[in-house]
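Raw work-v5.txt, compact mmCIF, C-alpha atoms:
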# COMPACT_ATOMS: atom_id res chain seq x y z
CA MET A 1 -49.20 -248.70 -85.53
CA HIS A 2 -47.86 -251.57 -87.61
CA PRO A 3 -44.25 -250.82 -88.72
CA LEU A 4 -45.14 -251.32 -92.38
CA ARG A 5 -47.96 -248.79 -92.14
CA LYS A 6 -45.74 -246.41 -90.27
CA GLN A 7 -43.28 -246.63 -93.14
CA ARG A 8 -46.05 -245.92 -95.67
CA LEU A 9 -47.20 -242.98 -93.56
CA GLN A 10 -43.67 -241.61 -93.69
CA ILE A 11 -43.71 -241.95 -97.49
CA VAL A 12 -47.01 -240.05 -97.67
CA VAL A 13 -45.64 -237.26 -95.48
CA MET A 14 -42.51 -237.15 -97.65
CA ILE A 15 -44.56 -236.81 -100.85
CA ILE A 16 -46.45 -233.85 -99.39
CA ALA A 17 -43.28 -232.25 -98.01
CA ALA A 18 -41.38 -232.67 -101.28
CA SER A 19 -44.15 -231.19 -103.38
CA ALA A 20 -44.55 -228.33 -100.91
CA VAL A 21 -40.82 -227.55 -101.09
CA ALA A 22 -40.80 -227.74 -104.90
CA THR A 23 -43.85 -225.50 -105.19
CA GLY A 24 -42.42 -223.13 -102.60
CA LEU A 25 -39.27 -222.74 -104.69
CA ILE A 26 -41.31 -222.15 -107.86
CA ILE A 27 -43.36 -219.48 -106.10
CA TYR A 28 -40.18 -217.91 -104.71
CA MET A 29 -38.64 -217.77 -108.20
CA LEU A 30 -41.85 -216.43 -109.73
CA GLY A 31 -41.91 -213.71 -107.11
CA GLN A 32 -43.36 -210.48 -108.41
CA ASN A 33 -43.78 -211.95 -111.92
CA ALA A 34 -46.95 -213.66 -110.75
CA ASN A 35 -48.59 -210.29 -110.10
CA TYR A 36 -51.39 -209.49 -112.49
CA PHE A 37 -50.54 -205.78 -112.64
CA TYR A 38 -48.02 -203.12 -111.57
CA THR A 39 -48.87 -200.29 -109.18
CA PRO A 40 -48.40 -196.68 -110.42
CA SER A 41 -45.32 -196.26 -108.17
CA GLN A 42 -43.72 -199.37 -109.68
CA VAL A 43 -44.39 -198.08 -113.21
CA LEU A 44 -43.06 -194.56 -112.55
CA SER A 45 -39.98 -195.76 -110.66
CA GLY A 46 -39.02 -197.77 -113.73
CA GLU A 47 -39.66 -201.18 -112.20
CA ALA A 48 -42.10 -202.02 -114.99
CA PRO A 49 -40.50 -202.65 -118.40
CA GLU A 50 -40.84 -199.87 -120.96
CA GLY A 51 -41.94 -200.31 -124.56
CA THR A 52 -43.58 -203.62 -123.85
CA PHE A 53 -47.07 -204.75 -122.93
CA ILE A 54 -47.80 -204.29 -119.20
CA ARG A 55 -50.79 -204.00 -116.92
CA ALA A 56 -51.09 -201.22 -114.37
CA GLY A 57 -53.79 -200.75 -111.79
CA GLY A 58 -54.93 -198.53 -109.00
CA MET A 59 -57.71 -196.33 -107.73
CA VAL A 60 -59.18 -194.02 -110.40
CA VAL A 61 -58.44 -190.46 -109.20
CA GLU A 62 -61.53 -188.39 -108.51
CA GLY A 63 -62.13 -185.77 -111.21
CA SER A 64 -59.43 -187.18 -113.49
CA VAL A 65 -61.70 -188.88 -116.06
CA ARG A 66 -61.87 -186.72 -119.20
CA ARG A 67 -63.75 -188.01 -122.22
CA ASP A 68 -63.21 -186.81 -125.78
CA PRO A 69 -66.60 -185.44 -126.93
CA ASN A 70 -66.02 -186.62 -130.53
CA SER A 71 -64.69 -190.15 -129.99
CA LEU A 72 -64.52 -193.00 -127.52
CA ALA A 73 -61.12 -191.83 -126.27
CA VAL A 74 -60.85 -191.27 -122.54
CA ASN A 75 -58.05 -190.06 -120.29
CA PHE A 76 -57.87 -190.85 -116.61
CA GLU A 77 -55.39 -191.28 -113.80
CA VAL A 78 -54.88 -194.11 -111.34
CA THR A 79 -53.10 -193.93 -108.01
CA ASP A 80 -51.85 -196.26 -105.30
CA GLY A 81 -51.68 -193.45 -102.76
CA SER A 82 -48.09 -192.37 -103.49
CA ALA A 83 -47.83 -192.02 -107.30
CA ILE A 84 -50.24 -191.08 -110.08
CA LEU A 85 -50.16 -192.69 -113.52
CA GLY A 86 -51.95 -191.26 -116.55
CA ILE A 87 -53.84 -193.68 -118.81
CA ARG A 88 -55.27 -193.12 -122.28
CA TYR A 89 -57.79 -195.57 -123.69
CA THR A 90 -60.10 -195.70 -126.70
CA GLY A 91 -63.10 -197.96 -126.35
CA ILE A 92 -66.00 -198.83 -124.11
CA LEU A 93 -65.26 -198.90 -120.39
CA PRO A 94 -66.74 -201.66 -118.19
CA ASP A 95 -69.98 -200.80 -116.36
CA LEU A 96 -68.31 -200.77 -112.98
CA PHE A 97 -65.58 -198.36 -114.04
CA ALA A 98 -65.92 -195.25 -111.85
CA GLU A 99 -63.91 -192.63 -110.02
CA ASN A 100 -62.65 -193.78 -106.61
CA GLU A 101 -62.97 -197.40 -107.77
CA ALA A 102 -60.08 -199.67 -108.74
CA ALA A 103 -59.29 -200.26 -112.41
CA ILE A 104 -56.60 -202.16 -114.30
CA ALA A 105 -55.36 -201.03 -117.72
CA ALA A 106 -53.25 -203.07 -120.15
CA GLY A 107 -51.04 -201.49 -122.80
CA LYS A 108 -47.68 -199.83 -123.47
CA LEU A 109 -46.00 -196.86 -121.82
CA ASP A 110 -45.27 -193.97 -124.20
CA GLN A 111 -42.41 -191.42 -123.92
CA ASN A 112 -44.49 -189.20 -121.64
CA ARG A 113 -44.96 -192.11 -119.25
CA VAL A 114 -48.64 -192.33 -120.08
CA LEU A 115 -50.03 -195.83 -120.49
CA GLN A 116 -51.62 -196.22 -123.92
CA ALA A 117 -54.14 -198.87 -122.95
CA SER A 118 -55.77 -201.38 -125.27
CA GLU A 119 -57.93 -202.87 -122.49
CA VAL A 120 -59.40 -201.54 -119.25
CA LEU A 121 -60.84 -203.85 -116.59
CA ALA A 122 -62.75 -202.79 -113.48
CA LYS A 123 -61.56 -204.37 -110.24
CA HIS A 124 -64.26 -205.02 -107.72
CA ASP A 125 -63.62 -205.01 -103.97
CA GLU A 126 -64.81 -207.67 -101.55
CA LYS A 127 -67.53 -205.51 -100.01
CA TYR A 128 -71.20 -206.01 -100.71
CA THR A 129 -73.80 -203.50 -99.51
CA PRO A 130 -77.47 -202.94 -100.31
CA PRO A 131 -78.17 -199.60 -102.10
CA GLU A 132 -80.00 -198.00 -99.15
CA VAL A 133 -77.14 -198.78 -96.78
CA ALA A 134 -74.57 -197.46 -99.26
CA GLU A 135 -76.59 -194.25 -99.71
CA SER A 136 -76.93 -193.61 -96.00
CA MET A 137 -73.22 -194.34 -95.54
CA ASN A 138 -72.35 -191.87 -98.29
CA ALA A 139 -74.69 -189.26 -96.79
CA ALA A 140 -73.13 -189.74 -93.36
CA TYR A 141 -69.64 -189.47 -94.86
CA LYS A 142 -70.53 -186.24 -96.70
CA ALA A 143 -72.12 -184.73 -93.59
CA LYS A 144 -68.95 -185.52 -91.66
CA GLN A 145 -66.78 -183.91 -94.36
CA LYS A 146 -69.01 -180.82 -94.27
CA GLN A 147 -68.69 -180.60 -90.51
CA LYS A 148 -64.95 -180.97 -90.78
CA ARG A 149 -64.74 -178.15 -93.35
CA LYS A 150 -66.85 -175.94 -91.09
CA ALA A 151 -64.59 -176.71 -88.16
CA ASP A 152 -61.54 -175.94 -90.30
CA LYS A 153 -62.99 -172.57 -91.31
CA LEU A 154 -63.66 -171.64 -87.69
CA MET B 1 -54.02 -248.52 -79.53
CA ASN B 2 -56.97 -250.54 -80.68
CA TRP B 3 -57.72 -249.95 -84.36
CA ASN B 4 -60.70 -252.29 -84.63
CA TRP B 5 -63.30 -249.51 -84.95
CA PHE B 6 -61.26 -248.08 -87.82
CA TYR B 7 -61.24 -251.35 -89.75
CA ARG B 8 -64.94 -251.90 -89.16
CA MET B 9 -65.60 -248.45 -90.58
CA GLY B 10 -63.51 -249.38 -93.58
CA SER B 11 -65.77 -252.29 -94.46
CA PRO B 12 -67.79 -251.53 -97.59
CA ARG B 13 -70.74 -253.53 -96.30
CA TRP B 14 -70.81 -251.58 -93.03
CA PHE B 15 -70.70 -248.31 -95.00
CA TYR B 16 -73.48 -249.38 -97.35
CA GLU B 17 -75.81 -250.55 -94.62
CA SER B 18 -75.29 -247.69 -92.17
CA THR B 19 -75.72 -245.01 -94.84
CA SER B 20 -78.97 -246.62 -96.01
CA ARG B 21 -80.54 -245.58 -92.74
CA TRP B 22 -79.83 -241.85 -92.62
CA LEU B 23 -79.16 -240.92 -96.25
CA PRO B 24 -82.84 -240.03 -97.01
CA TRP B 25 -82.84 -237.60 -94.07
CA LEU B 26 -79.65 -235.95 -95.24
CA ALA B 27 -81.07 -235.68 -98.77
CA ALA B 28 -84.22 -234.02 -97.43
CA LEU B 29 -82.15 -231.57 -95.39
CA THR B 30 -80.05 -230.79 -98.49
CA PHE B 31 -83.16 -230.06 -100.53
CA VAL B 32 -84.59 -227.74 -97.85
CA LEU B 33 -81.31 -225.84 -97.46
CA LEU B 34 -80.65 -225.44 -101.19
CA ALA B 35 -84.23 -224.50 -102.09
CA GLY B 36 -84.53 -222.12 -99.14
CA GLY B 37 -81.12 -220.57 -99.72
CA LEU B 38 -81.70 -220.08 -103.45
CA VAL B 39 -85.10 -218.42 -103.04
CA TRP B 40 -83.81 -216.28 -100.17
CA GLY B 41 -80.64 -215.27 -102.01
CA LEU B 42 -82.06 -214.78 -105.50
CA ALA B 43 -85.42 -213.23 -104.66
CA PHE B 44 -85.30 -211.66 -101.19
CA ALA B 45 -81.72 -210.57 -100.48
CA PRO B 46 -81.17 -206.88 -101.33
CA GLN B 47 -79.37 -205.80 -104.51
CA ASP B 48 -75.76 -204.70 -104.36
CA ALA B 49 -75.28 -200.93 -104.54
CA LYS B 50 -72.67 -201.14 -107.34
CA GLN B 51 -73.31 -204.40 -109.16
CA GLY B 52 -77.09 -204.54 -108.96
CA ASN B 53 -78.47 -208.03 -109.42
CA SER B 54 -75.40 -209.59 -111.01
CA PHE B 55 -73.79 -210.05 -107.58
CA ARG B 56 -76.37 -212.77 -106.85
CA ILE B 57 -74.21 -215.30 -108.67
CA ILE B 58 -72.20 -215.30 -105.42
CA TYR B 59 -74.84 -217.69 -104.04
CA LEU B 60 -73.53 -220.36 -106.43
CA HIS B 61 -69.96 -219.22 -106.99
CA VAL B 62 -68.74 -219.08 -103.39
CA PRO B 63 -70.34 -222.36 -102.18
CA ALA B 64 -69.09 -224.20 -105.28
CA SER B 65 -65.56 -222.84 -104.75
CA PHE B 66 -65.65 -223.76 -101.04
CA LEU B 67 -66.58 -227.35 -101.81
CA ALA B 68 -64.12 -227.61 -104.70
CA LEU B 69 -61.31 -226.82 -102.21
CA ALA B 70 -62.69 -228.79 -99.23
CA GLY B 71 -63.48 -231.74 -101.52
CA TYR B 72 -59.87 -231.85 -102.66
CA PHE B 73 -58.65 -232.22 -99.07
CA LEU B 74 -61.14 -235.02 -98.56
CA MET B 75 -60.00 -236.76 -101.76
CA ALA B 76 -56.31 -236.47 -100.84
CA THR B 77 -56.96 -237.67 -97.28
CA ALA B 78 -58.87 -240.66 -98.62
CA GLY B 79 -55.95 -241.35 -100.96
CA ALA B 80 -53.46 -241.17 -98.07
CA ILE B 81 -55.54 -243.55 -95.93
CA GLY B 82 -55.75 -245.89 -98.91
CA LEU B 83 -51.97 -245.79 -99.38
CA ILE B 84 -51.19 -246.38 -95.71
CA TRP B 85 -53.87 -248.88 -94.69
CA LYS B 86 -54.62 -250.42 -98.12
CA MET B 87 -58.27 -249.79 -97.42
CA LYS B 88 -60.62 -250.53 -100.32
CA LEU B 89 -63.37 -248.20 -99.17
CA SER B 90 -60.96 -245.30 -98.87
CA TYR B 91 -59.87 -245.67 -102.50
CA MET B 92 -63.51 -245.80 -103.54
CA VAL B 93 -64.15 -242.49 -101.76
CA MET B 94 -61.12 -240.97 -103.52
CA LYS B 95 -62.30 -242.21 -106.91
CA CYS B 96 -65.83 -240.85 -106.42
CA ALA B 97 -64.61 -237.49 -105.06
CA ALA B 98 -62.63 -236.74 -108.25
CA PRO B 99 -65.49 -236.22 -110.77
CA LEU B 100 -67.58 -234.47 -108.10
CA GLY B 101 -64.77 -232.03 -107.36
CA ALA B 102 -64.11 -231.47 -111.06
CA VAL B 103 -67.75 -230.52 -111.63
CA LEU B 104 -67.73 -228.12 -108.66
CA THR B 105 -64.47 -226.52 -109.84
CA PHE B 106 -65.90 -226.12 -113.31
CA LEU B 107 -69.05 -224.56 -111.82
CA ALA B 108 -66.90 -222.10 -109.85
CA LEU B 109 -64.91 -221.15 -112.96
CA PHE B 110 -68.02 -220.91 -115.13
CA THR B 111 -70.03 -218.75 -112.71
CA GLY B 112 -66.93 -216.61 -112.24
CA ALA B 113 -66.66 -216.08 -116.01
CA VAL B 114 -70.34 -215.20 -116.32
CA TRP B 115 -69.97 -212.68 -113.49
CA GLY B 116 -66.60 -211.41 -114.73
CA LYS B 117 -67.88 -210.18 -118.07
CA PRO B 118 -70.33 -207.55 -116.71
CA THR B 119 -68.21 -206.71 -113.64
CA TRP B 120 -64.58 -206.75 -114.77
CA GLY B 121 -65.20 -206.43 -118.49
CA SER B 122 -63.66 -209.81 -119.33
CA TYR B 123 -64.75 -213.45 -119.16
CA TRP B 124 -61.29 -214.73 -118.36
CA VAL B 125 -58.08 -213.28 -116.94
CA TRP B 126 -54.84 -215.09 -116.17
CA ASP B 127 -54.44 -213.76 -112.65
CA ALA B 128 -53.12 -215.91 -109.82
CA ARG B 129 -56.55 -216.85 -108.41
CA VAL B 130 -58.17 -217.86 -111.68
CA THR B 131 -55.08 -219.70 -112.93
CA SER B 132 -54.57 -221.67 -109.71
CA MET B 133 -58.25 -222.63 -109.81
CA LEU B 134 -57.79 -223.89 -113.37
CA ILE B 135 -54.86 -226.00 -112.15
CA LEU B 136 -57.21 -227.47 -109.53
CA LEU B 137 -59.57 -228.53 -112.32
CA PHE B 138 -56.69 -230.25 -114.14
CA LEU B 139 -55.61 -231.98 -110.90
CA TYR B 140 -59.10 -233.40 -110.43
CA LEU B 141 -59.18 -234.55 -114.07
CA GLY B 142 -55.69 -236.02 -113.68
CA VAL B 143 -56.71 -238.07 -110.62
CA LEU B 144 -59.73 -239.27 -112.57
CA ALA B 145 -57.71 -240.14 -115.67
CA LEU B 146 -55.01 -242.03 -113.71
CA GLN B 147 -57.72 -244.31 -112.30
CA TYR B 148 -58.31 -245.68 -115.77
CA ALA B 149 -54.78 -245.43 -117.13
CA PHE B 150 -53.61 -248.78 -115.75
CA ASP B 151 -54.76 -252.32 -116.30
CA SER B 152 -54.37 -253.06 -112.61
CA LYS B 153 -56.87 -251.29 -110.35
CA ASP B 154 -54.34 -251.36 -107.52
CA VAL B 155 -51.70 -249.47 -109.49
CA GLY B 156 -54.31 -246.98 -110.70
CA ASN B 157 -55.43 -246.33 -107.12
CA LYS B 158 -51.85 -245.77 -105.95
CA ALA B 159 -51.02 -243.42 -108.84
CA SER B 160 -54.20 -241.42 -108.29
CA ALA B 161 -53.52 -241.15 -104.57
CA ILE B 162 -49.97 -239.91 -105.11
CA LEU B 163 -51.11 -237.26 -107.62
CA ALA B 164 -53.87 -236.20 -105.20
CA LEU B 165 -51.29 -235.82 -102.41
CA VAL B 166 -48.87 -233.85 -104.57
CA GLY B 167 -51.70 -231.52 -105.59
CA THR B 168 -52.75 -230.63 -102.02
CA VAL B 169 -50.11 -227.91 -102.01
CA ASN B 170 -52.28 -226.03 -104.53
CA ILE B 171 -55.16 -225.60 -102.06
CA PRO B 172 -53.47 -223.07 -99.72
CA ILE B 173 -52.08 -221.34 -102.82
CA ILE B 174 -55.58 -220.84 -104.23
CA TYR B 175 -56.81 -219.63 -100.87
CA LYS B 176 -53.97 -217.14 -100.29
CA SER B 177 -53.37 -216.13 -103.94
CA VAL B 178 -55.45 -212.96 -103.60
CA ASP B 179 -53.33 -211.85 -100.62
CA TRP B 180 -49.90 -212.88 -101.91
CA TRP B 181 -50.14 -211.27 -105.34
CA PHE B 182 -51.91 -208.39 -107.03
CA THR B 183 -54.85 -210.10 -108.68
CA LEU B 184 -57.95 -208.92 -110.49
CA HIS B 185 -60.00 -211.22 -108.28
CA GLN B 186 -61.07 -209.48 -105.08
CA PRO B 187 -59.87 -210.73 -101.66
CA ALA B 188 -62.07 -213.06 -99.64
CA THR B 189 -65.39 -211.67 -98.38
CA ILE B 190 -65.70 -214.35 -95.69
CA ARG B 191 -62.70 -214.63 -93.40
CA PHE B 192 -61.98 -216.74 -90.38
CA THR B 193 -60.50 -213.90 -88.38
CA GLU B 194 -62.84 -211.00 -89.17
CA ALA B 195 -66.51 -210.27 -89.69
CA PRO B 196 -67.59 -210.76 -93.33
CA SER B 197 -67.40 -207.61 -95.47
CA MET B 198 -70.97 -208.14 -96.56
CA HIS B 199 -74.27 -206.83 -95.25
CA PRO B 200 -75.98 -209.43 -92.96
CA ASP B 201 -79.09 -209.46 -95.19
CA MET B 202 -76.91 -210.72 -98.04
CA PHE B 203 -74.62 -212.87 -95.91
CA GLN B 204 -77.26 -215.01 -94.19
CA PRO B 205 -78.60 -216.63 -97.39
CA LEU B 206 -74.99 -217.22 -98.47
CA LEU B 207 -74.34 -219.15 -95.25
CA VAL B 208 -77.45 -221.26 -95.90
CA MET B 209 -76.22 -221.99 -99.44
CA ILE B 210 -72.74 -222.97 -98.21
CA LEU B 211 -74.29 -225.33 -95.66
CA GLY B 212 -76.60 -226.69 -98.38
CA PHE B 213 -73.64 -227.31 -100.70
CA TYR B 214 -71.79 -229.18 -97.93
CA CYS B 215 -74.84 -231.43 -97.43
CA PHE B 216 -75.25 -231.84 -101.19
CA TYR B 217 -71.61 -232.85 -101.48
CA ALA B 218 -72.05 -235.46 -98.75
CA VAL B 219 -75.18 -236.89 -100.37
CA ALA B 220 -73.67 -236.99 -103.87
CA LEU B 221 -70.42 -238.56 -102.62
CA ILE B 222 -72.19 -241.19 -100.52
CA LEU B 223 -74.52 -242.10 -103.39
CA SER B 224 -71.69 -242.60 -105.84
CA VAL B 225 -69.59 -244.53 -103.28
CA ARG B 226 -72.59 -246.84 -102.75
CA VAL B 227 -72.80 -247.51 -106.49
CA GLU B 228 -69.06 -248.17 -106.52
CA ILE B 229 -69.42 -250.59 -103.59
CA LEU B 230 -72.14 -252.57 -105.34
CA ALA B 231 -70.09 -252.75 -108.54
CA ARG B 232 -66.87 -253.88 -106.86
CA GLU B 233 -68.50 -256.26 -104.38
CA ARG B 234 -70.98 -257.73 -106.84
CA LYS B 235 -69.61 -261.24 -106.32
CA THR B 236 -70.00 -261.25 -102.54
CA SER B 237 -72.94 -262.97 -100.93
CA TRP B 238 -74.38 -259.88 -99.19
CA VAL B 239 -74.61 -257.92 -102.45
CA ARG B 240 -76.14 -260.90 -104.26
CA GLU B 241 -78.69 -261.25 -101.48
CA ARG B 242 -79.61 -257.57 -101.81
CA VAL B 243 -79.92 -257.75 -105.59
CA LYS B 244 -82.10 -260.83 -105.27
CA GLN B 245 -84.35 -259.12 -102.77
CA ALA B 246 -84.60 -255.94 -104.85
CA THR B 247 -85.48 -257.79 -108.06
CA GLN B 248 -88.06 -259.87 -106.23
CA ASN B 249 -89.65 -256.74 -104.81
CA THR B 250 -89.88 -255.04 -108.21
CA LEU B 251 -91.11 -258.24 -109.86
CA GLY B 252 -93.70 -258.62 -107.11
CA ALA B 253 -94.83 -255.05 -107.57
CA GLY B 254 -94.99 -255.57 -111.32
CA LEU B 255 -97.18 -258.63 -111.00

Mind turning this structure into structure tokens?
Amino acid sequence: MHPLRKQRLQIVVMIIAASAVATGLIIYMLGQNANYFYTPSQVLSGEAPEGTFIRAGGMVVEGSVRRDPNSLAVNFEVTDGSAILGIRYTGILPDLFAENEAAIAAGKLDQNRVLQASEVLAKHDEKYTPPEVAESMNAAYKAKQKQKRKADKL
Amino acid sequence: MNWNWFYRMGSPRWFYESTSRWLPWLAALTFVLLAGGLVWGLAFAPQDAKQGNSFRIIYLHVPASFLALAGYFLMATAGAIGLIWKMKLSYMVMKCAAPLGAVLTFLALFTGAVWGKPTWGSYWVWDARVTSMLILLFLYLGVLALQYAFDSKDVGNKASAILALVGTVNIPIIYKSVDWWFTLHQPATIRFTEAPSMHPDMFQPLLVMILGFYCFYAVALILSVRVEILARERKTSWVRERVKQATQNTLGAGL
């Protein structure tokens, strides 16, 4: 390669390297601040700031969704597997909001460590399945659970 | 090492004449893939168990996002080759890739917003994936704007190329953002290391659409580079000869 071109190639490589280092440092400094939401364990361990607007997300606990019969208020719990956070929200939930699905709530923590949410978003996973397949998978899962319970009883 | 083949490939005339031959075939292939993939994906692929029909926007969203990212690498590589070898054709490719990439990025953001409202409950969120994708749109627009910001074409090309190179660091960030941070956007469905987390009946039309978008990108880029070549080389004898021939043909047909 011509020495002049070699020199220009080195400059190009340097530009890329310098911007990568700069961006790497920015990302390092951003750290956890770039997360869109806190997990329930982070909120309950005090990692999330209190009295200010935060987002918290996790799997909606099965059987935890309780709706007020007279208003749009709804209480539910989200979990990340180790901690459970209570959430209270008044408004219309997104269509994909459901138990055992992920949801993200935005609002403030009150004294009882319940998140008073002003917005609830449903988080979708990366899996796509046709309805028939999902049904048969659910049926198979339930049959397995049943078998397991039977085996436990015996 | 002998670099002659490389310089021949960098000749605008060589590019123009060799693409004339196979471009119609590539365009036909693009049409077949896109039309087939769209009909297959929108009409015949099964619904999603949770989202119903709204998931079908994936057949535009994912291919557009793929090409927005891949197109950026192509643009930056063309810029680097232009910087190192001072190759005219390479700068033309970089210039033409910028608006094309901006449109694809916008399409990805727009289809994402349309899908986000019924699925997430919000058109727009400032999570790491969506924000880094917005930065990509601004990078494309910046490369485009720098082209026209200088009186000298040479300086404009250099400035664009440097911005394009600096911005490449954003591409792996976009790709990995859903793994590095907690985001509202779901992780990738298609991965290099694992089987796709999607039923084959839904995945096959998506593959066809991705392939179709790659071909479409090639056709659109080549077409706009050809226009750029004619505009920049309009004073050379081979372009004049072509223009003369083309006008004679149309005049002859008109008479």

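The interatomic distance for the pair atom CA of Ala106 of chain A and atom CA of Ala122 of chain A works out to 11.6 Å.
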
Tell me which protein, DNA and RNA residues are within 8 Å of Val225 of chain B, counting all atoms listed in the file, leaving out same-chain ones fewer than 3 positions away, and put them as a PyMOL selection string.
chain B and resi 92-93+96+221-222+228-229

Using only C-alpha atoms, what does the table of chain A residues within 8 Å of chain B look like, with each row giving the shortest atom pair and its distance in Å to one decimal, sorted by chain and ascending number, as JSON lines?
{"residue": "A:Met1", "atom": "CA", "partner": "B:Met1", "partner_atom": "CA", "distance": 7.7}
{"residue": "A:Arg5", "atom": "CA", "partner": "B:Ile84", "partner_atom": "CA", "distance": 5.4}
{"residue": "A:Lys6", "atom": "CA", "partner": "B:Ile84", "partner_atom": "CA", "distance": 7.7}
{"residue": "A:Arg8", "atom": "CA", "partner": "B:Ile84", "partner_atom": "CA", "distance": 5.2}
{"residue": "A:Leu9", "atom": "CA", "partner": "B:Ile84", "partner_atom": "CA", "distance": 5.7}
{"residue": "A:Val12", "atom": "CA", "partner": "B:Ala80", "partner_atom": "CA", "distance": 6.6}
{"residue": "A:Ile15", "atom": "CA", "partner": "B:Val166", "partner_atom": "CA", "distance": 6.4}
{"residue": "A:Ile16", "atom": "CA", "partner": "B:Val166", "partner_atom": "CA", "distance": 5.7}
{"residue": "A:Ser19", "atom": "CA", "partner": "B:Val166", "partner_atom": "CA", "distance": 5.5}
{"residue": "A:Ala20", "atom": "CA", "partner": "B:Val169", "partner_atom": "CA", "distance": 5.7}
{"residue": "A:Thr23", "atom": "CA", "partner": "B:Val169", "partner_atom": "CA", "distance": 7.4}
{"residue": "A:Gln32", "atom": "CA", "partner": "B:Trp181", "partner_atom": "CA", "distance": 7.5}
{"residue": "A:Ala34", "atom": "CA", "partner": "B:Ala128", "partner_atom": "CA", "distance": 6.6}
{"residue": "A:Asn35", "atom": "CA", "partner": "B:Phe182", "partner_atom": "CA", "distance": 4.9}
{"residue": "A:Tyr36", "atom": "CA", "partner": "B:Thr183", "partner_atom": "CA", "distance": 5.2}
{"residue": "A:Phe37", "atom": "CA", "partner": "B:Phe182", "partner_atom": "CA", "distance": 6.3}
{"residue": "A:Tyr38", "atom": "CA", "partner": "B:Phe182", "partner_atom": "CA", "distance": 8.0}
{"residue": "A:Leu93", "atom": "CA", "partner": "B:Gly121", "partner_atom": "CA", "distance": 7.8}
{"residue": "A:Pro94", "atom": "CA", "partner": "B:Gly121", "partner_atom": "CA", "distance": 5.0}
{"residue": "A:Asp95", "atom": "CA", "partner": "B:Thr119", "partner_atom": "CA", "distance": 6.7}
{"residue": "A:Leu96", "atom": "CA", "partner": "B:Thr119", "partner_atom": "CA", "distance": 6.0}
{"residue": "A:Ile104", "atom": "CA", "partner": "B:Leu184", "partner_atom": "CA", "distance": 7.9}
{"residue": "A:Val120", "atom": "CA", "partner": "B:Gly121", "partner_atom": "CA", "distance": 7.6}
{"residue": "A:Leu121", "atom": "CA", "partner": "B:Trp120", "partner_atom": "CA", "distance": 5.1}
{"residue": "A:Ala122", "atom": "CA", "partner": "B:Trp120", "partner_atom": "CA", "distance": 4.5}
{"residue": "A:Lys123", "atom": "CA", "partner": "B:Leu184", "partner_atom": "CA", "distance": 5.8}
{"residue": "A:His124", "atom": "CA", "partner": "B:Gln186", "partner_atom": "CA", "distance": 6.1}
{"residue": "A:Asp125", "atom": "CA", "partner": "B:Gln186", "partner_atom": "CA", "distance": 5.3}
{"residue": "A:Glu126", "atom": "CA", "partner": "B:Thr189", "partner_atom": "CA", "distance": 5.1}
{"residue": "A:Lys127", "atom": "CA", "partner": "B:Ser197", "partner_atom": "CA", "distance": 5.0}
{"residue": "A:Tyr128", "atom": "CA", "partner": "B:Met198", "partner_atom": "CA", "distance": 4.7}
{"residue": "A:Thr129", "atom": "CA", "partner": "B:Asp48", "partner_atom": "CA", "distance": 5.4}
{"residue": "A:Pro130", "atom": "CA", "partner": "B:Asp48", "partner_atom": "CA", "distance": 4.7}
{"residue": "A:Pro131", "atom": "CA", "partner": "B:Ala49", "partner_atom": "CA", "distance": 4.0}
{"residue": "A:Glu132", "atom": "CA", "partner": "B:Ala49", "partner_atom": "CA", "distance": 7.7}
{"residue": "A:Ala134", "atom": "CA", "partner": "B:Ala49", "partner_atom": "CA", "distance": 6.4}

Within 9 Å of Arg113 of chain A using all atoms listed in the file, minus same-chain residues under 2 positions, as a ChimeraX atom specification
/A:43-44,50,85-86,109-111,115

Those selected residues, please, written with C-alpha atoms and delivered as a PDB file, in the frame of the given file.
ATOM      1  CA  VAL A  43     -44.390-198.080-113.210  1.00  0.00           C
ATOM      2  CA  LEU A  44     -43.060-194.560-112.550  1.00  0.00           C
ATOM      3  CA  GLU A  50     -40.840-199.870-120.960  1.00  0.00           C
ATOM      4  CA  LEU A  85     -50.160-192.690-113.520  1.00  0.00           C
ATOM      5  CA  GLY A  86     -51.950-191.260-116.550  1.00  0.00           C
ATOM      6  CA  LEU A 109     -46.000-196.860-121.820  1.00  0.00           C
ATOM      7  CA  ASP A 110     -45.270-193.970-124.200  1.00  0.00           C
ATOM      8  CA  GLN A 111     -42.410-191.420-123.920  1.00  0.00           C
ATOM      9  CA  LEU A 115     -50.030-195.830-120.490  1.00  0.00           C
TER      10      LEU A 115
END

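Minimum atom-to-atom distance to Val114 of chain A, evaluated using all atoms listed in the file, belongs to A:Pro40 out of A:Val61, A:Val133, A:Pro40, A:Gln147.
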
I'd like the contact shell of Ala78 of chain B - 7 Å cut-off, all atoms listed in the file, skipping same-chain residues fewer than 4 positions apart - returned as a PyMOL selection string.
chain B and resi 74+82+90-91+93-94

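Between atom CA of Phe76 of chain A and atom CA of Pro49 of chain A the interatomic distance comes to 21.1 Å.
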
In Å, how far is it from atom CA of Leu60 of chain B to atom CA of Ala108 of chain B?
7.7 Å

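The list of residues with at least one atom within 9 Å of Tyr89 of chain A, based on all atoms listed in the file and without residues fewer than 6 positions apart in the same chain, reads Leu72, Ala73, Val74, Asn75, Phe76, Ala105, Leu115, Gln116, Ala117, Ser118, Glu119 and Val120 of chain A.
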